[in-house]
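One file, input.pdb, is given below (PDB, C-alpha atoms).
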```
MODEL        1
ATOM      1  CA  MET A   1      -2.820  -8.670  -4.772  1.00  0.00           C
ATOM      2  CA  SER A   2      -1.897 -11.998  -3.206  1.00  0.00           C
ATOM      3  CA  GLU A   3      -3.015 -15.313  -4.583  1.00  0.00           C
ATOM      4  CA  PRO A   4      -6.616 -16.244  -3.761  1.00  0.00           C
ATOM      5  CA  PRO A   5      -6.946 -18.595  -0.796  1.00  0.00           C
ATOM      6  CA  SER A   6      -7.658 -22.267  -1.368  1.00  0.00           C
ATOM      7  CA  ARG A   7     -11.198 -23.510  -0.759  1.00  0.00           C
ATOM      8  CA  GLY A   8     -10.511 -24.578   2.811  1.00  0.00           C
ATOM      9  CA  ALA A   9      -8.483 -21.503   3.783  1.00  0.00           C
ATOM     10  CA  GLU A  10      -9.999 -18.534   5.539  1.00  0.00           C
ATOM     11  CA  ARG A  11     -10.394 -15.468   3.334  1.00  0.00           C
ATOM     12  CA  ASP A  12      -8.388 -12.486   4.565  1.00  0.00           C
ATOM     13  CA  LEU A  13     -10.552  -9.364   4.322  1.00  0.00           C
ATOM     14  CA  PHE A  14      -7.523  -7.076   4.101  1.00  0.00           C
ATOM     15  CA  ARG A  15      -5.526  -9.026   1.529  1.00  0.00           C
ATOM     16  CA  ASP A  16      -7.974 -11.089  -0.537  1.00  0.00           C
ATOM     17  CA  THR A  17     -10.833  -8.638  -1.180  1.00  0.00           C
ATOM     18  CA  TRP A  18     -11.428  -5.190  -2.654  1.00  0.00           C
ATOM     19  CA  VAL A  19     -10.558  -3.716   0.761  1.00  0.00           C
ATOM     20  CA  ARG A  20      -6.886  -4.245  -0.203  1.00  0.00           C
ATOM     21  CA  TYR A  21      -7.190  -1.363  -2.672  1.00  0.00           C
ATOM     22  CA  LEU A  22      -7.813   1.092   0.170  1.00  0.00           C
ATOM     23  CA  GLY A  23      -4.120   0.689   0.938  1.00  0.00           C
ATOM     24  CA  TYR A  24      -3.379   2.274  -2.442  1.00  0.00           C
ATOM     25  CA  ALA A  25      -5.470   5.409  -1.877  1.00  0.00           C
ATOM     26  CA  ASN A  26      -2.396   7.499  -1.175  1.00  0.00           C
ATOM     27  CA  GLU A  27      -0.886   6.608  -4.555  1.00  0.00           C
ATOM     28  CA  VAL A  28      -4.018   7.946  -6.225  1.00  0.00           C
ATOM     29  CA  GLY A  29      -3.751  11.059  -4.052  1.00  0.00           C
ATOM     30  CA  GLU A  30      -0.109  11.499  -5.081  1.00  0.00           C
ATOM     31  CA  ALA A  31      -1.018  11.115  -8.751  1.00  0.00           C
ATOM     32  CA  PHE A  32      -3.604  13.902  -8.398  1.00  0.00           C
ATOM     33  CA  ARG A  33      -1.351  16.128  -6.234  1.00  0.00           C
ATOM     34  CA  SER A  34      -0.820  18.701  -8.997  1.00  0.00           C
ATOM     35  CA  LEU A  35      -4.579  19.090  -9.528  1.00  0.00           C
ATOM     36  CA  VAL A  36      -6.144  18.979  -6.065  1.00  0.00           C
ATOM     37  CA  PRO A  37      -5.643  20.829  -2.769  1.00  0.00           C
ATOM     38  CA  ALA A  38      -3.049  19.357  -0.408  1.00  0.00           C
ATOM     39  CA  ALA A  39      -5.860  18.408   2.007  1.00  0.00           C
ATOM     40  CA  VAL A  40      -7.167  15.885  -0.536  1.00  0.00           C
ATOM     41  CA  VAL A  41      -3.732  14.262  -0.763  1.00  0.00           C
ATOM     42  CA  TRP A  42      -3.509  14.119   3.049  1.00  0.00           C
ATOM     43  CA  LEU A  43      -6.985  12.576   3.156  1.00  0.00           C
ATOM     44  CA  SER A  44      -5.794   9.843   0.786  1.00  0.00           C
ATOM     45  CA  TYR A  45      -2.950   9.129   3.229  1.00  0.00           C
ATOM     46  CA  ALA A  46      -5.478   8.962   6.070  1.00  0.00           C
ATOM     47  CA  VAL A  47      -7.458   6.327   4.138  1.00  0.00           C
ATOM     48  CA  SER A  48      -4.321   4.263   3.447  1.00  0.00           C
ATOM     49  CA  SER A  49      -3.090   4.593   7.012  1.00  0.00           C
ATOM     50  CA  SER A  50      -6.490   3.528   8.350  1.00  0.00           C
ATOM     51  CA  TYR A  51      -6.265   0.430   6.160  1.00  0.00           C
ATOM     52  CA  VAL A  52      -2.808  -0.347   7.572  1.00  0.00           C
ATOM     53  CA  LEU A  53      -3.970   0.116  11.161  1.00  0.00           C
ATOM     54  CA  ALA A  54      -7.109  -1.987  10.636  1.00  0.00           C
ATOM     55  CA  ASP A  55      -5.086  -4.800   9.054  1.00  0.00           C
ATOM     56  CA  ALA A  56      -2.587  -4.753  11.940  1.00  0.00           C
ATOM     57  CA  ILE A  57      -5.402  -4.920  14.500  1.00  0.00           C
ATOM     58  CA  ASP A  58      -7.042  -7.762  12.571  1.00  0.00           C
ATOM     59  CA  LYS A  59      -3.804  -9.764  12.515  1.00  0.00           C
ATOM     60  CA  GLY A  60      -3.373  -9.142  16.256  1.00  0.00           C
ATOM     61  CA  LYS A  61      -6.860 -10.509  16.927  1.00  0.00           C
ATOM     62  CA  LYS A  62      -6.140 -13.567  14.790  1.00  0.00           C
ATOM     63  CA  ALA A  63      -2.861 -14.143  16.672  1.00  0.00           C
ATOM     64  CA  ARG A  64      -4.734 -13.848  19.977  1.00  0.00           C
ATOM     65  CA  ASP A  65      -7.226 -16.506  18.885  1.00  0.00           C
ATOM     66  CA  VAL A  66      -4.569 -19.076  17.889  1.00  0.00           C
ATOM     67  CA  PRO A  67      -4.624 -21.949  20.381  1.00  0.00           C
ATOM     68  CA  GLY A  68      -1.464 -22.116  22.416  1.00  0.00           C
ATOM     69  CA  PRO A  69       0.057 -21.446  25.794  1.00  0.00           C
ATOM     70  CA  GLU A  70      -1.302 -18.392  27.574  1.00  0.00           C
ATOM     71  CA  ALA A  71       2.238 -17.318  28.531  1.00  0.00           C
ATOM     72  CA  GLY A  72       3.277 -16.507  24.952  1.00  0.00           C
ATOM     73  CA  ARG A  73       0.005 -15.018  23.792  1.00  0.00           C
ATOM     74  CA  SER A  74       0.878 -11.391  24.547  1.00  0.00           C
ATOM     75  CA  SER A  75       4.171 -11.515  22.685  1.00  0.00           C
ATOM     76  CA  ARG A  76       2.542 -13.393  19.788  1.00  0.00           C
ATOM     77  CA  VAL A  77      -0.088 -10.657  19.456  1.00  0.00           C
ATOM     78  CA  THR A  78       2.510  -7.890  19.724  1.00  0.00           C
ATOM     79  CA  VAL A  79       4.715  -9.457  17.053  1.00  0.00           C
ATOM     80  CA  ALA A  80       1.729  -9.919  14.719  1.00  0.00           C
ATOM     81  CA  VAL A  81       0.565  -6.308  15.130  1.00  0.00           C
ATOM     82  CA  VAL A  82       4.015  -4.730  14.801  1.00  0.00           C
ATOM     83  CA  ASP A  83       5.046  -6.964  11.901  1.00  0.00           C
ATOM     84  CA  THR A  84       1.854  -6.270   9.962  1.00  0.00           C
ATOM     85  CA  PHE A  85       1.907  -2.552  10.726  1.00  0.00           C
ATOM     86  CA  VAL A  86       5.538  -2.067   9.655  1.00  0.00           C
ATOM     87  CA  TRP A  87       5.147  -4.268   6.576  1.00  0.00           C
ATOM     88  CA  GLN A  88       1.970  -2.546   5.405  1.00  0.00           C
ATOM     89  CA  ALA A  89       3.164   0.962   6.287  1.00  0.00           C
ATOM     90  CA  LEU A  90       6.229   0.471   4.115  1.00  0.00           C
ATOM     91  CA  ALA A  91       4.772  -1.682   1.321  1.00  0.00           C
ATOM     92  CA  SER A  92       1.379   0.014   0.985  1.00  0.00           C
ATOM     93  CA  VAL A  93       1.959   3.616   2.035  1.00  0.00           C
ATOM     94  CA  ALA A  94       5.524   4.914   2.290  1.00  0.00           C
ATOM     95  CA  ILE A  95       7.398   3.329  -0.614  1.00  0.00           C
ATOM     96  CA  PRO A  96       4.612   3.415  -3.239  1.00  0.00           C
ATOM     97  CA  GLY A  97       3.558   6.937  -2.199  1.00  0.00           C
ATOM     98  CA  PHE A  98       7.129   8.207  -2.468  1.00  0.00           C
ATOM     99  CA  THR A  99       7.584   6.448  -5.817  1.00  0.00           C
ATOM    100  CA  ILE A 100       4.428   7.907  -7.375  1.00  0.00           C
ATOM    101  CA  ASN A 101       5.297  11.339  -5.945  1.00  0.00           C
ATOM    102  CA  ARG A 102       8.718  11.221  -7.633  1.00  0.00           C
ATOM    103  CA  VAL A 103       7.310   9.857 -10.921  1.00  0.00           C
ATOM    104  CA  CYS A 104       4.820  12.726 -11.030  1.00  0.00           C
ATOM    105  CA  ALA A 105       7.356  15.378 -10.000  1.00  0.00           C
ATOM    106  CA  ALA A 106       9.841  14.167 -12.607  1.00  0.00           C
ATOM    107  CA  SER A 107       7.241  13.970 -15.354  1.00  0.00           C
ATOM    108  CA  LEU A 108       5.958  17.469 -14.595  1.00  0.00           C
ATOM    109  CA  TYR A 109       9.525  18.798 -14.638  1.00  0.00           C
ATOM    110  CA  ILE A 110      10.350  17.035 -17.922  1.00  0.00           C
ATOM    111  CA  LEU A 111       7.100  18.151 -19.545  1.00  0.00           C
ATOM    112  CA  SER A 112       7.759  21.729 -18.394  1.00  0.00           C
ATOM    113  CA  SER A 113      11.230  21.804 -19.916  1.00  0.00           C
ATOM    114  CA  ALA A 114      10.620  19.685 -23.022  1.00  0.00           C
ATOM    115  CA  THR A 115       7.214  20.932 -24.192  1.00  0.00           C
ATOM    116  CA  ARG A 116       5.293  24.137 -24.534  1.00  0.00           C
ATOM    117  CA  TRP A 117       2.048  22.539 -23.504  1.00  0.00           C
ATOM    118  CA  PRO A 118      -0.289  24.639 -21.369  1.00  0.00           C
ATOM    119  CA  LEU A 119       0.098  24.069 -17.609  1.00  0.00           C
ATOM    120  CA  ALA A 120      -3.295  22.348 -17.336  1.00  0.00           C
ATOM    121  CA  VAL A 121      -2.320  19.802 -20.019  1.00  0.00           C
ATOM    122  CA  ARG A 122       1.023  19.141 -18.315  1.00  0.00           C
ATOM    123  CA  LYS A 123      -0.712  18.600 -14.954  1.00  0.00           C
ATOM    124  CA  TRP A 124      -3.319  16.223 -16.407  1.00  0.00           C
ATOM    125  CA  THR A 125      -0.587  14.324 -18.272  1.00  0.00           C
ATOM    126  CA  THR A 126       1.402  14.044 -15.051  1.00  0.00           C
ATOM    127  CA  THR A 127      -1.671  12.731 -13.243  1.00  0.00           C
ATOM    128  CA  ALA A 128      -2.301  10.163 -15.993  1.00  0.00           C
ATOM    129  CA  LEU A 129       1.328   9.000 -15.841  1.00  0.00           C
ATOM    130  CA  GLY A 130       1.110   8.696 -12.049  1.00  0.00           C
ATOM    131  CA  LEU A 131      -2.073   6.631 -12.261  1.00  0.00           C
ATOM    132  CA  LEU A 132      -0.567   4.402 -14.968  1.00  0.00           C
ATOM    133  CA  ALA A 133       2.528   3.841 -12.824  1.00  0.00           C
ATOM    134  CA  ILE A 134       0.539   2.473  -9.847  1.00  0.00           C
ATOM    135  CA  PRO A 135      -0.068  -1.057 -11.195  1.00  0.00           C
ATOM    136  CA  VAL A 136       3.483  -1.135 -12.559  1.00  0.00           C
ATOM    137  CA  ILE A 137       5.119  -0.504  -9.159  1.00  0.00           C
ATOM    138  CA  ILE A 138       2.817  -2.497  -6.865  1.00  0.00           C
ATOM    139  CA  HIS A 139       3.830  -6.042  -7.786  1.00  0.00           C
ATOM    140  CA  PRO A 140       7.613  -5.469  -7.716  1.00  0.00           C
ATOM    141  CA  ILE A 141       7.304  -3.786  -4.295  1.00  0.00           C
ATOM    142  CA  ASP A 142       5.162  -6.636  -2.916  1.00  0.00           C
ATOM    143  CA  ARG A 143       7.520  -9.293  -4.341  1.00  0.00           C
ATOM    144  CA  GLY A 144      10.557  -7.454  -2.991  1.00  0.00           C
ATOM    145  CA  PHE A 145       9.072  -7.276   0.492  1.00  0.00           C
ATOM    146  CA  GLN A 146       8.049 -10.930   0.414  1.00  0.00           C
ATOM    147  CA  LYS A 147      11.590 -11.976  -0.489  1.00  0.00           C
ATOM    148  CA  CYS A 148      13.202  -9.736   2.123  1.00  0.00           C
ATOM    149  CA  PHE A 149      10.816 -10.292   4.998  1.00  0.00           C
ATOM    150  CA  SER A 150       9.165 -13.672   4.553  1.00  0.00           C
ATOM    151  CA  PRO A 151       9.570 -15.845   7.648  1.00  0.00           C
ATOM    152  CA  SER A 152      12.158 -18.580   7.607  1.00  0.00           C
ATOM    153  CA  PRO A 153      10.879 -22.174   7.643  1.00  0.00           C
ATOM    154  CA  SER A 154      11.747 -22.443  11.331  1.00  0.00           C
ATOM    155  CA  GLN A 155       9.423 -19.561  12.280  1.00  0.00           C
ATOM    156  CA  SER A 156       5.795 -20.325  12.929  1.00  0.00           C
ATOM    157  CA  LYS A 157       3.188 -18.556  10.837  1.00  0.00           C
ATOM    158  CA  ILE A 158       0.218 -16.747  12.315  1.00  0.00           C
TER     159      ILE A 158
ENDMDL
END
```
In C-alpha coordinates, write the structure found in this file.
Amino acid sequence: MSEPPSRGAERDLFRDTWVRYLGYANEVGEAFRSLVPAAVVWLSYAVSSSYVLADAIDKGKKARDVPGPEAGRSSRVTVAVVDTFVWQALASVAIPGFTINRVCAASLYILSSATRWPLAVRKWTTTALGLLAIPVIIHPIDRGFQKCFSPSPSQSKI
(Lines of atoms letter the chains of each structure in order from A and count residues from 1; the text may use other names and numbers.)
(Lines give C-alpha, C1' and ligand atoms only; values in the text may rest on other atoms or scores of the structure.)
Protein backbone atom coordinates (compact mmCIF):
# COMPACT_ATOMS: atom_id res chain seq x y z
CA MET A 1 0.00 0.00 0.00
CA SER A 2 1.21 3.55 -0.59
CA GLU A 3 2.44 5.79 2.16
CA PRO A 4 -0.30 7.38 4.27
CA PRO A 5 -1.17 10.93 3.24
CA SER A 6 0.09 13.85 5.29
CA ARG A 7 -2.37 15.59 7.61
CA GLY A 8 -3.31 18.25 5.08
CA ALA A 9 -3.56 15.90 2.09
CA GLU A 10 -6.82 14.41 0.93
CA ARG A 11 -7.19 10.71 1.69
CA ASP A 12 -7.55 8.58 -1.44
CA LEU A 13 -10.30 6.01 -0.86
CA PHE A 14 -8.85 3.63 -3.45
CA ARG A 15 -5.21 3.79 -2.38
CA ASP A 16 -5.11 4.75 1.30
CA THR A 17 -7.89 2.62 2.82
CA TRP A 18 -8.95 -1.01 3.10
CA VAL A 19 -10.70 -0.63 -0.27
CA ARG A 20 -7.24 -1.04 -1.86
CA TYR A 21 -7.33 -4.73 -0.92
CA LEU A 22 -10.29 -5.32 -3.24
CA GLY A 23 -7.78 -4.96 -6.06
CA TYR A 24 -6.08 -8.11 -4.77
CA ALA A 25 -9.21 -10.29 -4.79
CA ASN A 26 -8.13 -12.04 -7.97
CA GLU A 27 -4.85 -13.15 -6.38
CA VAL A 28 -6.85 -14.82 -3.62
CA GLY A 29 -9.06 -16.40 -6.28
CA GLU A 30 -5.98 -17.68 -8.13
CA ALA A 31 -4.56 -19.12 -4.91
CA PHE A 32 -7.80 -21.06 -4.35
CA ARG A 33 -8.16 -22.09 -8.03
CA SER A 34 -7.35 -25.75 -7.34
CA LEU A 35 -10.03 -25.97 -4.63
CA VAL A 36 -12.98 -23.95 -5.91
CA PRO A 37 -15.10 -23.91 -9.08
CA ALA A 38 -13.82 -21.72 -11.92
CA ALA A 39 -16.81 -19.39 -11.40
CA VAL A 40 -15.42 -18.39 -7.99
CA VAL A 41 -12.08 -17.47 -9.57
CA TRP A 42 -13.88 -15.43 -12.26
CA LEU A 43 -15.90 -13.70 -9.54
CA SER A 44 -12.65 -12.69 -7.83
CA TYR A 45 -11.53 -11.13 -11.13
CA ALA A 46 -14.86 -9.29 -11.34
CA VAL A 47 -14.24 -7.81 -7.87
CA SER A 48 -10.70 -6.72 -8.79
CA SER A 49 -11.81 -5.32 -12.13
CA SER A 50 -14.62 -3.38 -10.46
CA TYR A 51 -12.04 -1.87 -8.11
CA VAL A 52 -9.89 -0.84 -11.09
CA LEU A 53 -12.85 0.71 -12.92
CA ALA A 54 -14.06 2.56 -9.81
CA ASP A 55 -10.57 3.96 -9.15
CA ALA A 56 -10.26 5.13 -12.77
CA ILE A 57 -13.64 6.86 -12.61
CA ASP A 58 -12.70 8.48 -9.29
CA LYS A 59 -9.44 9.83 -10.74
CA GLY A 60 -11.35 11.15 -13.76
CA LYS A 61 -13.75 13.02 -11.48
CA LYS A 62 -10.85 14.48 -9.51
CA ALA A 63 -9.17 15.59 -12.76
CA ARG A 64 -12.43 17.21 -13.86
CA ASP A 65 -12.64 19.18 -10.62
CA VAL A 66 -9.09 20.60 -10.86
CA PRO A 67 -9.29 24.33 -11.58
CA GLY A 68 -7.94 25.18 -14.99
CA PRO A 69 -8.86 26.17 -18.50
CA GLU A 70 -12.06 24.61 -19.81
CA ALA A 71 -10.36 23.81 -23.14
CA GLY A 72 -8.02 21.19 -21.65
CA ARG A 73 -10.45 19.66 -19.19
CA SER A 74 -11.66 16.86 -21.46
CA SER A 75 -8.17 15.68 -22.32
CA ARG A 76 -7.09 15.98 -18.67
CA VAL A 77 -9.98 13.74 -17.61
CA THR A 78 -9.31 11.24 -20.40
CA VAL A 79 -5.62 11.00 -19.53
CA ALA A 80 -6.42 10.51 -15.82
CA VAL A 81 -8.97 7.75 -16.51
CA VAL A 82 -6.86 5.88 -19.07
CA ASP A 83 -3.65 6.21 -17.05
CA THR A 84 -5.28 4.96 -13.86
CA PHE A 85 -7.15 2.17 -15.62
CA VAL A 86 -4.08 0.83 -17.44
CA TRP A 87 -1.85 1.19 -14.38
CA GLN A 88 -4.29 -0.55 -12.05
CA ALA A 89 -5.29 -3.22 -14.58
CA LEU A 90 -1.66 -4.22 -14.96
CA ALA A 91 -0.39 -3.66 -11.40
CA SER A 92 -3.43 -4.93 -9.49
CA VAL A 93 -5.01 -7.53 -11.76
CA ALA A 94 -3.01 -8.88 -14.70
CA ILE A 95 0.56 -9.19 -13.45
CA PRO A 96 -0.16 -10.32 -9.86
CA GLY A 97 -2.92 -12.69 -11.02
CA PHE A 98 -0.63 -14.28 -13.60
CA THR A 99 2.19 -14.52 -11.05
CA ILE A 100 0.07 -16.24 -8.39
CA ASN A 101 -1.42 -18.54 -11.05
CA ARG A 102 2.07 -19.65 -12.11
CA VAL A 103 3.31 -20.01 -8.51
CA CYS A 104 0.35 -22.26 -7.73
CA ALA A 105 0.63 -24.26 -10.96
CA ALA A 106 4.35 -24.81 -10.43
CA SER A 107 3.94 -25.77 -6.79
CA LEU A 108 1.17 -28.24 -7.60
CA TYR A 109 3.31 -29.77 -10.35
CA ILE A 110 6.38 -30.02 -8.09
CA LEU A 111 4.36 -31.46 -5.21
CA SER A 112 2.80 -34.00 -7.59
CA SER A 113 6.16 -35.20 -8.86
CA ALA A 114 8.21 -34.90 -5.67
CA THR A 115 5.78 -36.21 -3.03
CA ARG A 116 3.24 -38.93 -2.58
CA TRP A 117 0.92 -36.71 -0.62
CA PRO A 118 -2.81 -37.18 -1.21
CA LEU A 119 -4.28 -34.82 -3.84
CA ALA A 120 -6.25 -32.86 -1.23
CA VAL A 121 -3.08 -32.15 0.78
CA ARG A 122 -1.22 -31.06 -2.37
CA LYS A 123 -4.07 -28.71 -3.33
CA TRP A 124 -4.29 -27.15 0.14
CA THR A 125 -0.49 -26.75 0.23
CA THR A 126 -0.60 -25.08 -3.18
CA THR A 127 -3.32 -22.72 -1.96
CA ALA A 128 -1.29 -21.86 1.16
CA LEU A 129 1.80 -21.16 -0.95
CA GLY A 130 -0.24 -18.95 -3.29
CA LEU A 131 -1.67 -16.97 -0.38
CA LEU A 132 1.79 -16.59 1.19
CA ALA A 133 3.19 -15.34 -2.12
CA ILE A 134 0.68 -12.45 -2.38
CA PRO A 135 2.37 -10.06 0.08
CA VAL A 136 5.77 -11.05 -1.31
CA ILE A 137 4.94 -10.03 -4.90
CA ILE A 138 2.81 -6.92 -4.29
CA HIS A 139 5.49 -4.46 -3.19
CA PRO A 140 8.04 -5.31 -5.91
CA ILE A 141 5.32 -4.97 -8.58
CA ASP A 142 4.15 -1.62 -7.18
CA ARG A 143 7.73 -0.31 -6.90
CA GLY A 144 8.54 -1.51 -10.41
CA PHE A 145 5.52 0.26 -11.86
CA GLN A 146 6.27 3.45 -9.94
CA LYS A 147 9.82 3.52 -11.32
CA CYS A 148 8.73 2.77 -14.88
CA PHE A 149 5.65 4.95 -15.08
CA SER A 150 6.02 7.79 -12.60
CA PRO A 151 5.57 11.18 -14.26
CA SER A 152 8.63 13.23 -15.05
CA PRO A 153 9.11 16.45 -13.06
CA SER A 154 7.91 18.46 -16.05
CA GLN A 155 4.51 16.72 -16.10
CA SER A 156 1.77 18.08 -13.91
CA LYS A 157 0.22 15.77 -11.34
CA ILE A 158 -3.51 15.28 -10.98
Item to check | Spatial neighbours of Ala31 (chain A), max dist 6 Å, all atoms listed in the file, sep filter under 3 positions, as a list in words | outcome: Val28, Thr127, Gly130 and Leu131 of chain A
Neighbour list for region 52-65 of chain A as an mmCIF file with C-alpha atoms, in the frame of the given file, cut-off 6 Å, all atoms listed in the file, skip fewer than 4 positions in-chain:
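Result saved to part04.cif:
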```
data_model
loop_
_atom_site.group_PDB
_atom_site.id
_atom_site.type_symbol
_atom_site.label_atom_id
_atom_site.label_comp_id
_atom_site.auth_asym_id
_atom_site.auth_seq_id
_atom_site.Cartn_x
_atom_site.Cartn_y
_atom_site.Cartn_z
ATOM 1 C CA PHE A 14 -7.523 -7.076 4.101
ATOM 2 C CA VAL A 77 -0.088 -10.657 19.456
ATOM 3 C CA ALA A 80 1.729 -9.919 14.719
ATOM 4 C CA VAL A 81 0.565 -6.308 15.130
ATOM 5 C CA THR A 84 1.854 -6.270 9.962
ATOM 6 C CA PHE A 85 1.907 -2.552 10.726
ATOM 7 C CA GLN A 88 1.970 -2.546 5.405
ATOM 8 C CA ILE A 158 0.218 -16.747 12.315
#
```
Item to check | For Phe145 (chain A), the nearest of the candidates A:Tyr21, A:Ser44, A:Ser50, A:Ala89, counting only C-alpha atoms | outcome: A:Ala89
Next on the checklist: Please determine, counting all atoms listed in the file, which residue among A:Ile110, A:Thr17, A:Ala46, A:Thr126 has the shortest atom-to-atom distance to Phe32 (chain A).
Outcome noted: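 The closest residue to Phe32 (chain A) is A:Thr126.
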Checklist entry - Could you spell out the hits of the PyMOL selection byres ((chain A and resi 133) around 12) on the shown file, as a PyMOL selection string? => result chain A and resi 27-28+30-31+96-97+99-104+107+126-132+134-140
Checklist outcome for this item: With distances taken over all atoms listed in the file, the candidate from A:Trp124, A:Asp12, A:Gly144, A:Val47 nearest Gly29 (chain A) is A:Val47
Item to check | Residue among A:Tyr51, A:Cys148, A:Arg122, A:Asp83 lying closest to Trp18 (chain A), counting all atoms listed in the file | outcome: A:Tyr51
Next on the checklist: One number please: CA of Ile141 (chain A) to CA of Leu43 (chain A), in Å, one decimal.
Outcome noted: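 CA of Leu43 (chain A) lies at a distance of 23.0 Å from CA of Ile141 (chain A).
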Checklist outcome for this item: Separating CA of Leu119 (chain A) from CA of Ala106 (chain A), to the nearest tenth of an Å, is a gap of 14.8 Å
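When only C-alpha atoms are used to compute distances to Val86 (chain A), the closest of the residues A:Val121, A:Ser49, A:Pro69, A:Ala38 turns out to be A:Ser49.
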Checklist entry - So, counting all atoms listed in the file, which residue among A:Ala39, A:Leu13, A:Asn26, A:Thr125 is closest to Ile95 (chain A)? => result A:Asn26
Checklist entry - So how far away is CA of Asp16 (chain A) from CA of Val93 (chain A), in Å? => result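 Atom-to-atom, CA of Val93 (chain A) and CA of Asp16 (chain A) are spaced 17.9 Å apart.
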Could you give me the centre and size, in Å to one decimal, of an axis-aligned box around all listed atoms of region 30-43 of chain A with 3 Å added on every side, as AutoDock Vina command-line options?
```
--center_x -3.6 --center_y 16.0 --center_z -3.2 --size_x 13.1 --size_y 15.7 --size_z 18.7
```
For region 77-95 of chain A, which lacks atoms in the input, supply N, CA, C and O atoms and format the output as a PDB file, in the coordinates of the input.
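The result, written out as out15.pdb:
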```pdb
ATOM      1  N   VAL A  77       0.785 -11.728  19.947  1.00  0.00           N
ATOM      2  CA  VAL A  77      -0.088 -10.657  19.456  1.00  0.00           C
ATOM      3  C   VAL A  77       0.744  -9.423  19.102  1.00  0.00           C
ATOM      4  O   VAL A  77       0.554  -8.817  18.044  1.00  0.00           O
ATOM      5  N   THR A  78       1.671  -9.063  19.971  1.00  0.00           N
ATOM      6  CA  THR A  78       2.510  -7.890  19.724  1.00  0.00           C
ATOM      7  C   THR A  78       3.322  -8.047  18.447  1.00  0.00           C
ATOM      8  O   THR A  78       3.386  -7.128  17.624  1.00  0.00           O
ATOM      9  N   VAL A  79       3.927  -9.207  18.258  1.00  0.00           N
ATOM     10  CA  VAL A  79       4.715  -9.457  17.053  1.00  0.00           C
ATOM     11  C   VAL A  79       3.827  -9.376  15.809  1.00  0.00           C
ATOM     12  O   VAL A  79       4.206  -8.771  14.798  1.00  0.00           O
ATOM     13  N   ALA A  80       2.640  -9.944  15.868  1.00  0.00           N
ATOM     14  CA  ALA A  80       1.729  -9.919  14.719  1.00  0.00           C
ATOM     15  C   ALA A  80       1.329  -8.492  14.364  1.00  0.00           C
ATOM     16  O   ALA A  80       1.333  -8.116  13.191  1.00  0.00           O
ATOM     17  N   VAL A  81       0.996  -7.693  15.378  1.00  0.00           N
ATOM     18  CA  VAL A  81       0.565  -6.308  15.130  1.00  0.00           C
ATOM     19  C   VAL A  81       1.722  -5.476  14.581  1.00  0.00           C
ATOM     20  O   VAL A  81       1.576  -4.784  13.569  1.00  0.00           O
ATOM     21  N   VAL A  82       2.864  -5.543  15.231  1.00  0.00           N
ATOM     22  CA  VAL A  82       4.015  -4.730  14.801  1.00  0.00           C
ATOM     23  C   VAL A  82       4.492  -5.159  13.418  1.00  0.00           C
ATOM     24  O   VAL A  82       4.749  -4.310  12.552  1.00  0.00           O
ATOM     25  N   ASP A  83       4.596  -6.461  13.196  1.00  0.00           N
ATOM     26  CA  ASP A  83       5.046  -6.964  11.901  1.00  0.00           C
ATOM     27  C   ASP A  83       4.115  -6.502  10.787  1.00  0.00           C
ATOM     28  O   ASP A  83       4.571  -5.996   9.755  1.00  0.00           O
ATOM     29  N   THR A  84       2.820  -6.670  10.981  1.00  0.00           N
ATOM     30  CA  THR A  84       1.854  -6.270   9.962  1.00  0.00           C
ATOM     31  C   THR A  84       1.872  -4.767   9.748  1.00  0.00           C
ATOM     32  O   THR A  84       1.856  -4.289   8.611  1.00  0.00           O
ATOM     33  N   PHE A  85       1.920  -4.008  10.847  1.00  0.00           N
ATOM     34  CA  PHE A  85       1.907  -2.552  10.726  1.00  0.00           C
ATOM     35  C   PHE A  85       3.128  -2.046   9.966  1.00  0.00           C
ATOM     36  O   PHE A  85       3.004  -1.235   9.046  1.00  0.00           O
ATOM     37  N   VAL A  86       4.308  -2.526  10.321  1.00  0.00           N
ATOM     38  CA  VAL A  86       5.538  -2.067   9.655  1.00  0.00           C
ATOM     39  C   VAL A  86       5.534  -2.488   8.190  1.00  0.00           C
ATOM     40  O   VAL A  86       5.821  -1.680   7.293  1.00  0.00           O
ATOM     41  N   TRP A  87       5.195  -3.752   7.952  1.00  0.00           N
ATOM     42  CA  TRP A  87       5.147  -4.268   6.576  1.00  0.00           C
ATOM     43  C   TRP A  87       4.201  -3.430   5.722  1.00  0.00           C
ATOM     44  O   TRP A  87       4.561  -2.954   4.653  1.00  0.00           O
ATOM     45  N   GLN A  88       2.967  -3.267   6.184  1.00  0.00           N
ATOM     46  CA  GLN A  88       1.970  -2.546   5.405  1.00  0.00           C
ATOM     47  C   GLN A  88       2.294  -1.059   5.282  1.00  0.00           C
ATOM     48  O   GLN A  88       2.051  -0.454   4.241  1.00  0.00           O
ATOM     49  N   ALA A  89       2.820  -0.461   6.345  1.00  0.00           N
ATOM     50  CA  ALA A  89       3.164   0.962   6.287  1.00  0.00           C
ATOM     51  C   ALA A  89       4.225   1.212   5.215  1.00  0.00           C
ATOM     52  O   ALA A  89       4.146   2.196   4.470  1.00  0.00           O
ATOM     53  N   LEU A  90       5.189   0.316   5.134  1.00  0.00           N
ATOM     54  CA  LEU A  90       6.229   0.471   4.115  1.00  0.00           C
ATOM     55  C   LEU A  90       5.731   0.061   2.731  1.00  0.00           C
ATOM     56  O   LEU A  90       5.888   0.810   1.764  1.00  0.00           O
ATOM     57  N   ALA A  91       5.134  -1.128   2.625  1.00  0.00           N
ATOM     58  CA  ALA A  91       4.772  -1.682   1.321  1.00  0.00           C
ATOM     59  C   ALA A  91       3.518  -1.075   0.712  1.00  0.00           C
ATOM     60  O   ALA A  91       3.359  -1.105  -0.510  1.00  0.00           O
ATOM     61  N   SER A  92       2.624  -0.530   1.525  1.00  0.00           N
ATOM     62  CA  SER A  92       1.379   0.014   0.985  1.00  0.00           C
ATOM     63  C   SER A  92       1.320   1.539   1.015  1.00  0.00           C
ATOM     64  O   SER A  92       0.564   2.127   0.244  1.00  0.00           O
ATOM     65  N   VAL A  93       2.078   2.162   1.898  1.00  0.00           N
ATOM     66  CA  VAL A  93       1.959   3.616   2.035  1.00  0.00           C
ATOM     67  C   VAL A  93       3.267   4.334   1.672  1.00  0.00           C
ATOM     68  O   VAL A  93       3.307   5.108   0.710  1.00  0.00           O
ATOM     69  N   ALA A  94       4.315   4.105   2.419  1.00  0.00           N
ATOM     70  CA  ALA A  94       5.524   4.914   2.290  1.00  0.00           C
ATOM     71  C   ALA A  94       6.235   4.751   0.943  1.00  0.00           C
ATOM     72  O   ALA A  94       6.450   5.732   0.223  1.00  0.00           O
ATOM     73  N   ILE A  95       6.608   3.537   0.603  1.00  0.00           N
ATOM     74  CA  ILE A  95       7.398   3.329  -0.614  1.00  0.00           C
ATOM     75  C   ILE A  95       6.594   3.620  -1.887  1.00  0.00           C
ATOM     76  O   ILE A  95       7.059   4.368  -2.749  1.00  0.00           O
TER      77      ILE A  95
END
```
